[in-house]
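Source file: entry_10.cif. Holds: mmCIF, C-alpha atoms.
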data_entry
#
loop_
_atom_site.label_atom_id
_atom_site.label_comp_id
_atom_site.auth_asym_id
_atom_site.auth_seq_id
_atom_site.Cartn_x
_atom_site.Cartn_y
_atom_site.Cartn_z
CA MET U 68 97.15 -50.10 -35.03
CA LYS U 69 96.81 -53.13 -32.73
CA ARG U 70 98.94 -51.35 -30.12
CA ILE U 71 96.66 -48.27 -30.31
CA SER U 72 93.54 -50.42 -29.95
CA ALA U 73 95.06 -52.23 -26.98
CA LEU U 74 95.98 -48.91 -25.37
CA ILE U 75 92.44 -47.55 -25.82
CA LEU U 76 91.00 -50.71 -24.28
CA THR U 77 93.38 -50.47 -21.32
CA LEU U 78 92.43 -46.83 -20.73
CA MET U 79 88.72 -47.65 -20.92
CA LEU U 80 89.09 -50.41 -18.34
CA ALA U 81 90.98 -48.04 -16.07
CA LEU U 82 88.20 -45.46 -16.09
CA PRO U 83 85.60 -45.47 -13.29
CA LEU U 84 82.38 -47.28 -14.08
CA PRO U 85 79.50 -45.07 -15.25
CA ALA U 86 76.57 -44.30 -12.99
CA SER U 87 74.44 -46.89 -14.78
CA ALA U 88 76.73 -49.61 -13.36
CA ALA U 89 74.82 -49.34 -10.06
CA ASP U 90 72.44 -52.21 -9.33
CA LEU U 91 69.64 -49.76 -8.66
CA MET U 92 69.01 -46.20 -9.88
CA ILE U 93 66.69 -44.07 -7.75
CA ALA U 94 65.09 -40.74 -8.63
CA GLN U 95 64.94 -39.04 -5.23
CA ALA U 96 63.21 -35.80 -4.19
CA ALA U 97 65.85 -33.49 -2.72
CA ASN U 98 64.22 -33.07 0.70
CA PHE U 99 64.87 -36.72 1.55
CA MET U 100 68.60 -36.55 0.82
CA PRO U 101 69.80 -36.41 4.48
CA ALA U 102 67.83 -39.55 5.35
CA MET U 103 68.68 -41.28 2.08
CA LYS U 104 72.41 -40.87 2.67
CA GLU U 105 71.96 -43.13 5.70
CA ILE U 106 69.39 -45.46 4.18
CA ILE U 107 71.48 -46.32 1.10
CA PRO U 108 74.53 -47.69 2.98
CA ALA U 109 72.27 -49.48 5.45
CA PHE U 110 70.45 -51.15 2.55
CA LYS U 111 73.71 -52.10 0.86
CA LYS U 112 75.00 -53.63 4.09
CA SER U 113 71.79 -55.64 4.38
CA SER U 114 71.41 -56.70 0.75
CA GLY U 115 74.75 -56.23 -1.00
CA ILE U 116 72.95 -54.15 -3.65
CA ASP U 117 74.61 -50.97 -4.93
CA VAL U 118 72.31 -47.95 -5.14
CA GLN U 119 72.81 -44.60 -6.81
CA ALA U 120 70.36 -41.75 -6.23
CA THR U 121 69.78 -38.59 -8.25
CA TYR U 122 68.56 -35.72 -6.07
CA THR U 123 66.55 -32.80 -7.42
CA SER U 124 63.00 -31.45 -7.40
CA THR U 125 60.09 -33.83 -7.90
CA GLY U 126 58.96 -31.95 -11.00
CA LYS U 127 62.33 -32.30 -12.69
CA LEU U 128 62.57 -35.99 -11.84
CA TYR U 129 59.06 -36.54 -13.18
CA ALA U 130 60.02 -34.87 -16.46
CA GLN U 131 63.14 -37.03 -16.74
CA ILE U 132 61.10 -40.21 -16.16
CA VAL U 133 58.51 -39.22 -18.76
CA ASN U 134 61.36 -38.65 -21.19
CA GLY U 135 62.80 -42.11 -20.62
CA ALA U 136 65.44 -41.67 -17.91
CA PRO U 137 66.60 -45.16 -16.81
CA PHE U 138 65.49 -45.01 -13.18
CA ASP U 139 64.23 -48.05 -11.28
CA VAL U 140 62.45 -46.35 -8.38
CA PHE U 141 60.92 -42.88 -8.03
CA LEU U 142 60.71 -41.37 -4.53
CA ALA U 143 58.75 -38.15 -4.96
CA ALA U 144 57.90 -35.34 -2.56
CA ASP U 145 54.22 -35.52 -3.45
CA GLU U 146 51.52 -38.02 -4.38
CA ARG U 147 50.40 -36.32 -7.58
CA ARG U 148 53.33 -37.13 -9.83
CA PRO U 149 53.60 -40.86 -8.93
CA GLN U 150 49.82 -41.17 -9.31
CA LYS U 151 49.98 -39.49 -12.73
CA LEU U 152 52.68 -41.93 -13.83
CA PHE U 153 50.54 -44.80 -12.55
CA SER U 154 47.50 -43.51 -14.46
CA ASP U 155 49.68 -43.35 -17.58
CA GLY U 156 50.74 -46.98 -17.09
CA MET U 157 54.42 -46.17 -16.49
CA VAL U 158 54.82 -47.34 -12.89
CA GLU U 159 53.53 -49.88 -10.43
CA ASN U 160 51.05 -48.89 -7.73
CA PRO U 161 52.45 -45.94 -5.68
CA PHE U 162 52.72 -46.02 -1.88
CA VAL U 163 53.42 -43.38 0.79
CA TYR U 164 56.92 -43.65 2.26
CA ALA U 165 57.18 -40.41 4.29
CA LYS U 166 55.33 -37.29 5.45
CA GLY U 167 57.35 -34.10 5.78
CA LYS U 168 56.95 -30.63 7.27
CA VAL U 169 57.96 -27.12 6.18
CA VAL U 170 59.99 -24.86 8.48
CA LEU U 171 61.38 -21.34 8.27
CA TRP U 172 65.10 -21.57 9.09
CA SER U 173 67.98 -19.12 9.43
CA LYS U 174 71.63 -19.67 10.28
CA ASP U 175 71.24 -16.59 12.51
CA LYS U 176 69.06 -17.71 15.43
CA SER U 177 68.36 -14.10 16.43
CA LYS U 178 66.33 -13.62 13.24
CA ILE U 179 63.80 -16.33 14.18
CA GLU U 180 60.80 -15.30 16.31
CA LYS U 181 58.28 -17.52 18.09
CA SER U 182 56.06 -17.60 15.00
CA TRP U 183 57.07 -17.70 11.35
CA GLN U 184 54.56 -14.94 10.54
CA LYS U 185 56.17 -12.57 13.06
CA THR U 186 59.62 -13.55 11.78
CA ILE U 187 58.64 -12.42 8.30
CA MET U 188 56.87 -9.24 9.37
CA ASP U 189 59.49 -7.84 11.77
CA GLY U 190 61.70 -6.63 8.90
CA LYS U 191 64.88 -8.52 9.77
CA LEU U 192 64.75 -10.70 6.66
CA LYS U 193 65.70 -9.02 3.39
CA LYS U 194 65.90 -12.22 1.32
CA ILE U 195 64.03 -15.47 1.90
CA SER U 196 64.70 -18.62 -0.10
CA ILE U 197 61.87 -20.85 -1.29
CA ALA U 198 61.87 -23.92 -3.52
CA ASN U 199 60.27 -23.65 -6.95
CA ILE U 200 56.55 -23.33 -6.27
CA GLU U 201 55.62 -25.28 -9.42
CA THR U 202 58.08 -28.18 -9.51
CA ALA U 203 59.01 -28.61 -5.80
CA PRO U 204 56.17 -29.71 -3.45
CA TYR U 205 57.83 -28.10 -0.42
CA GLY U 206 57.86 -24.81 -2.30
CA THR U 207 54.18 -25.22 -3.12
CA ALA U 208 53.37 -25.97 0.54
CA ALA U 209 55.27 -22.87 1.69
CA MET U 210 53.42 -20.72 -0.85
CA LEU U 211 50.05 -22.05 0.36
CA ALA U 212 50.96 -21.16 3.94
CA LEU U 213 51.95 -17.64 2.92
CA GLN U 214 48.71 -17.22 0.97
CA GLN U 215 46.63 -18.48 3.90
CA ALA U 216 48.38 -16.00 6.21
CA LYS U 217 47.82 -13.24 3.60
CA LEU U 218 51.56 -12.64 3.46
CA TRP U 219 52.26 -13.83 -0.10
CA ASP U 220 52.06 -10.40 -1.77
CA LEU U 221 54.08 -8.85 1.05
CA VAL U 222 56.91 -11.38 0.88
CA LYS U 223 57.10 -11.93 -2.90
CA PRO U 224 59.69 -9.16 -3.49
CA GLU U 225 61.96 -10.78 -0.89
CA LEU U 226 61.82 -14.32 -2.27
CA VAL U 227 64.83 -16.05 -3.79
CA TYR U 228 63.71 -19.06 -5.82
CA ALA U 229 65.66 -22.31 -5.66
CA GLN U 230 65.39 -25.30 -7.99
CA SER U 231 64.77 -27.68 -5.09
CA ILE U 232 64.18 -27.65 -1.35
CA ALA U 233 67.80 -28.72 -0.82
CA GLN U 234 68.97 -25.65 -2.75
CA ALA U 235 66.61 -23.43 -0.72
CA PHE U 236 68.38 -24.67 2.41
CA GLN U 237 71.75 -24.12 0.75
CA PHE U 238 70.85 -20.51 -0.07
CA ALA U 239 69.89 -19.86 3.56
CA SER U 240 72.92 -21.68 4.99
CA THR U 241 75.46 -19.87 2.78
CA GLY U 242 74.04 -16.38 3.30
CA ALA U 243 72.58 -16.01 -0.18
CA ALA U 244 69.31 -15.57 1.77
CA ASP U 245 68.71 -14.42 5.34
CA ALA U 246 66.34 -17.33 5.91
CA GLY U 247 64.58 -20.00 3.92
CA PHE U 248 61.48 -22.15 3.79
CA CYS U 249 63.14 -25.53 4.24
CA ALA U 250 62.36 -29.16 4.87
CA TYR U 251 62.16 -30.16 8.53
CA SER U 252 64.59 -32.98 7.76
CA SER U 253 67.39 -30.45 7.20
CA MET U 254 67.10 -29.34 10.83
CA PHE U 255 68.68 -32.62 11.91
CA THR U 256 71.85 -32.10 9.87
CA PRO U 257 74.96 -30.52 11.46
CA THR U 258 74.33 -27.26 9.54
CA GLY U 259 70.64 -27.21 10.42
CA LYS U 260 71.34 -27.69 14.11
CA ARG U 261 73.56 -24.59 14.19
CA GLY U 262 70.73 -22.31 13.11
CA GLY U 263 67.24 -21.52 14.37
CA PHE U 264 63.87 -22.52 12.98
CA VAL U 265 60.14 -22.42 13.49
CA VAL U 266 57.66 -24.92 12.06
CA VAL U 267 55.26 -23.51 9.46
CA LYS U 268 52.14 -25.17 10.87
CA GLU U 269 49.91 -23.61 8.23
CA ALA U 270 51.77 -25.41 5.44
CA PRO U 271 50.01 -28.65 4.48
CA PRO U 272 51.91 -31.85 5.32
CA VAL U 273 54.04 -32.95 2.40
CA ILE U 274 52.87 -36.49 1.71
CA GLN U 275 55.58 -38.28 -0.24
CA ALA U 276 54.85 -41.27 -2.46
CA ALA U 277 57.13 -43.74 -4.22
CA CYS U 278 56.76 -46.23 -7.05
CA ILE U 279 58.71 -48.78 -9.10
CA LEU U 280 59.03 -48.00 -12.80
CA LYS U 281 57.61 -50.64 -15.13
CA SER U 282 60.58 -50.00 -17.44
CA SER U 283 63.03 -51.04 -14.71
CA GLU U 284 65.35 -53.90 -15.61
CA HIS U 285 66.07 -54.48 -11.92
CA LYS U 286 62.62 -55.10 -10.44
CA LYS U 287 63.88 -57.78 -8.06
CA GLU U 288 66.37 -55.33 -6.54
CA ALA U 289 63.80 -52.53 -6.61
CA ARG U 290 61.30 -54.60 -4.64
CA LYS U 291 63.96 -55.44 -2.08
CA PHE U 292 64.67 -51.73 -1.66
CA VAL U 293 60.98 -50.88 -1.32
CA GLU U 294 60.61 -53.59 1.34
CA PHE U 295 63.65 -52.24 3.19
CA LEU U 296 62.29 -48.68 2.98
CA SER U 297 59.22 -49.77 4.93
CA GLY U 298 61.15 -51.90 7.41
CA PRO U 299 62.25 -51.06 10.97
CA GLU U 300 65.79 -49.89 10.16
CA ALA U 301 64.75 -47.40 7.47
CA THR U 302 61.73 -46.31 9.54
CA ALA U 303 64.05 -45.45 12.44
CA ILE U 304 66.22 -43.36 10.09
CA LYS U 305 63.16 -41.55 8.73
CA LYS U 306 62.00 -40.71 12.26
CA LYS U 307 65.49 -39.46 13.08
CA TYR U 308 65.04 -36.84 10.35
CA GLY U 309 61.58 -35.79 11.45
CA TYR U 310 59.42 -37.71 9.00
CA ASP U 311 56.10 -39.20 10.07
#
Taking this structure as input, can you express it in the form of structure tokens?
Amino acid sequence: MKRISALILTLMLALPLPASAADLMIAQAANFMPAMKEIIPAFKKSSGIDVQATYTSTGKLYAQIVNGAPFDVFLAADERRPQKLFSDGMVENPFVYAKGKVVLWSKDKSKIEKSWQKTIMDGKLKKISIANIETAPYGTAAMLALQQAKLWDLVKPELVYAQSIAQAFQFASTGAADAGFCAYSSMFTPTGKRGGFVVVKEAPPVIQAACILKSSEHKKEARKFVEFLSGPEATAIKKKYGYD
């Protein structure tokens, strides 16, 4: 029995540490993933703090936080959800960390016209990906632009709904859709650069807010990350990916 117990302990020690072993757990809106993948190692190099981020739509992350997910920092793709958490006494005062834009992108440059409205109306696009219009702020912004241009009813049969803005880009980049309403930040990735895009100027700017959870057991590390996020190195990375 002792030998079995010793073997189990040895096997447990040999297994990789669980995600919760990170010094800091961040709930991150999917649009910011390209920038975050540079910010995290830069922050670790500066501070020695290990960070793990979970990327999905803002709505899903909000639901996870409300249900007790052990995140330390929430970086949303809107202001509404962080402000709601603040009103409910769950987080510290939110702050804006980035402002994003919506684009219409296709891996086939020939499908993109000078305006996104003309691109949609010329009949070349049979399927267009869009992030969930209820849980993903970039999806909501794209919908508002379509409604303003009186194209929503026309394009609805062609829409392919993604769980997040990152998945909307994935659908367009893999051919599951002919084009997609994507985050401007994706245009600076190797895949994004190979395609063509046009900015959806009628889409409202996506103002992205962040906050530290009051339930966090790593507030010291969280505050260091928040400070770094507003500093010159992270700001340069954000600008590199098209964020204001």
Which residue gives the smallest distance to Leu280 of chain U among U:Thr202, U:Gln215, U:Asn160, U:Ser253, with only C-alpha atoms counted?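 When distances to Leu280 of chain U are compared using only C-alpha atoms, the smallest one comes from U:Asn160.
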Would you write out, as a PyMOL selection string, every residue that the PyMOL selection byres ((chain U and resi 205) around 8) captures in this file? chain U and resi 144+169+198+200+203-204+206-209+232+249-250+273
For the file shown, what are the residues hit by the PyMOL selection byres ((chain U and resi 302-306) around 10), laid out as a PDB file with C-alpha atoms, keeping the file's coordinate frame?
ATOM      1  CA  PHE U  99      64.870 -36.720   1.550  1.00  0.00           C
ATOM      2  CA  PRO U 101      69.800 -36.410   4.480  1.00  0.00           C
ATOM      3  CA  ALA U 102      67.830 -39.550   5.350  1.00  0.00           C
ATOM      4  CA  MET U 103      68.680 -41.280   2.080  1.00  0.00           C
ATOM      5  CA  LYS U 104      72.410 -40.870   2.670  1.00  0.00           C
ATOM      6  CA  GLU U 105      71.960 -43.130   5.700  1.00  0.00           C
ATOM      7  CA  ILE U 106      69.390 -45.460   4.180  1.00  0.00           C
ATOM      8  CA  ALA U 109      72.270 -49.480   5.450  1.00  0.00           C
ATOM      9  CA  TYR U 164      56.920 -43.650   2.260  1.00  0.00           C
ATOM     10  CA  ALA U 165      57.180 -40.410   4.290  1.00  0.00           C
ATOM     11  CA  LYS U 166      55.330 -37.290   5.450  1.00  0.00           C
ATOM     12  CA  GLY U 167      57.350 -34.100   5.780  1.00  0.00           C
ATOM     13  CA  SER U 252      64.590 -32.980   7.760  1.00  0.00           C
ATOM     14  CA  PHE U 295      63.650 -52.240   3.190  1.00  0.00           C
ATOM     15  CA  LEU U 296      62.290 -48.680   2.980  1.00  0.00           C
ATOM     16  CA  SER U 297      59.220 -49.770   4.930  1.00  0.00           C
ATOM     17  CA  GLY U 298      61.150 -51.900   7.410  1.00  0.00           C
ATOM     18  CA  PRO U 299      62.250 -51.060  10.970  1.00  0.00           C
ATOM     19  CA  GLU U 300      65.790 -49.890  10.160  1.00  0.00           C
ATOM     20  CA  ALA U 301      64.750 -47.400   7.470  1.00  0.00           C
ATOM     21  CA  LYS U 307      65.490 -39.460  13.080  1.00  0.00           C
ATOM     22  CA  TYR U 308      65.040 -36.840  10.350  1.00  0.00           C
ATOM     23  CA  GLY U 309      61.580 -35.790  11.450  1.00  0.00           C
ATOM     24  CA  TYR U 310      59.420 -37.710   9.000  1.00  0.00           C
ATOM     25  CA  ASP U 311      56.100 -39.200  10.070  1.00  0.00           C
TER      26      ASP U 311
END
Might you spell out which residues the PyMOL selection byres ((chain U and resi 118) around 8) would select in the displayed file, as a ChimeraX atom specification? /U:89-93,107,111,116-117,119-120
Taking (68.6, -19.1, 17.7) as a centre in this file's frame and 12 Å as the limit, can you find every polymer residue with an atom that close, using all atoms listed in the file, and give them as a ChimeraX atom specification? /U:172-181,259-265
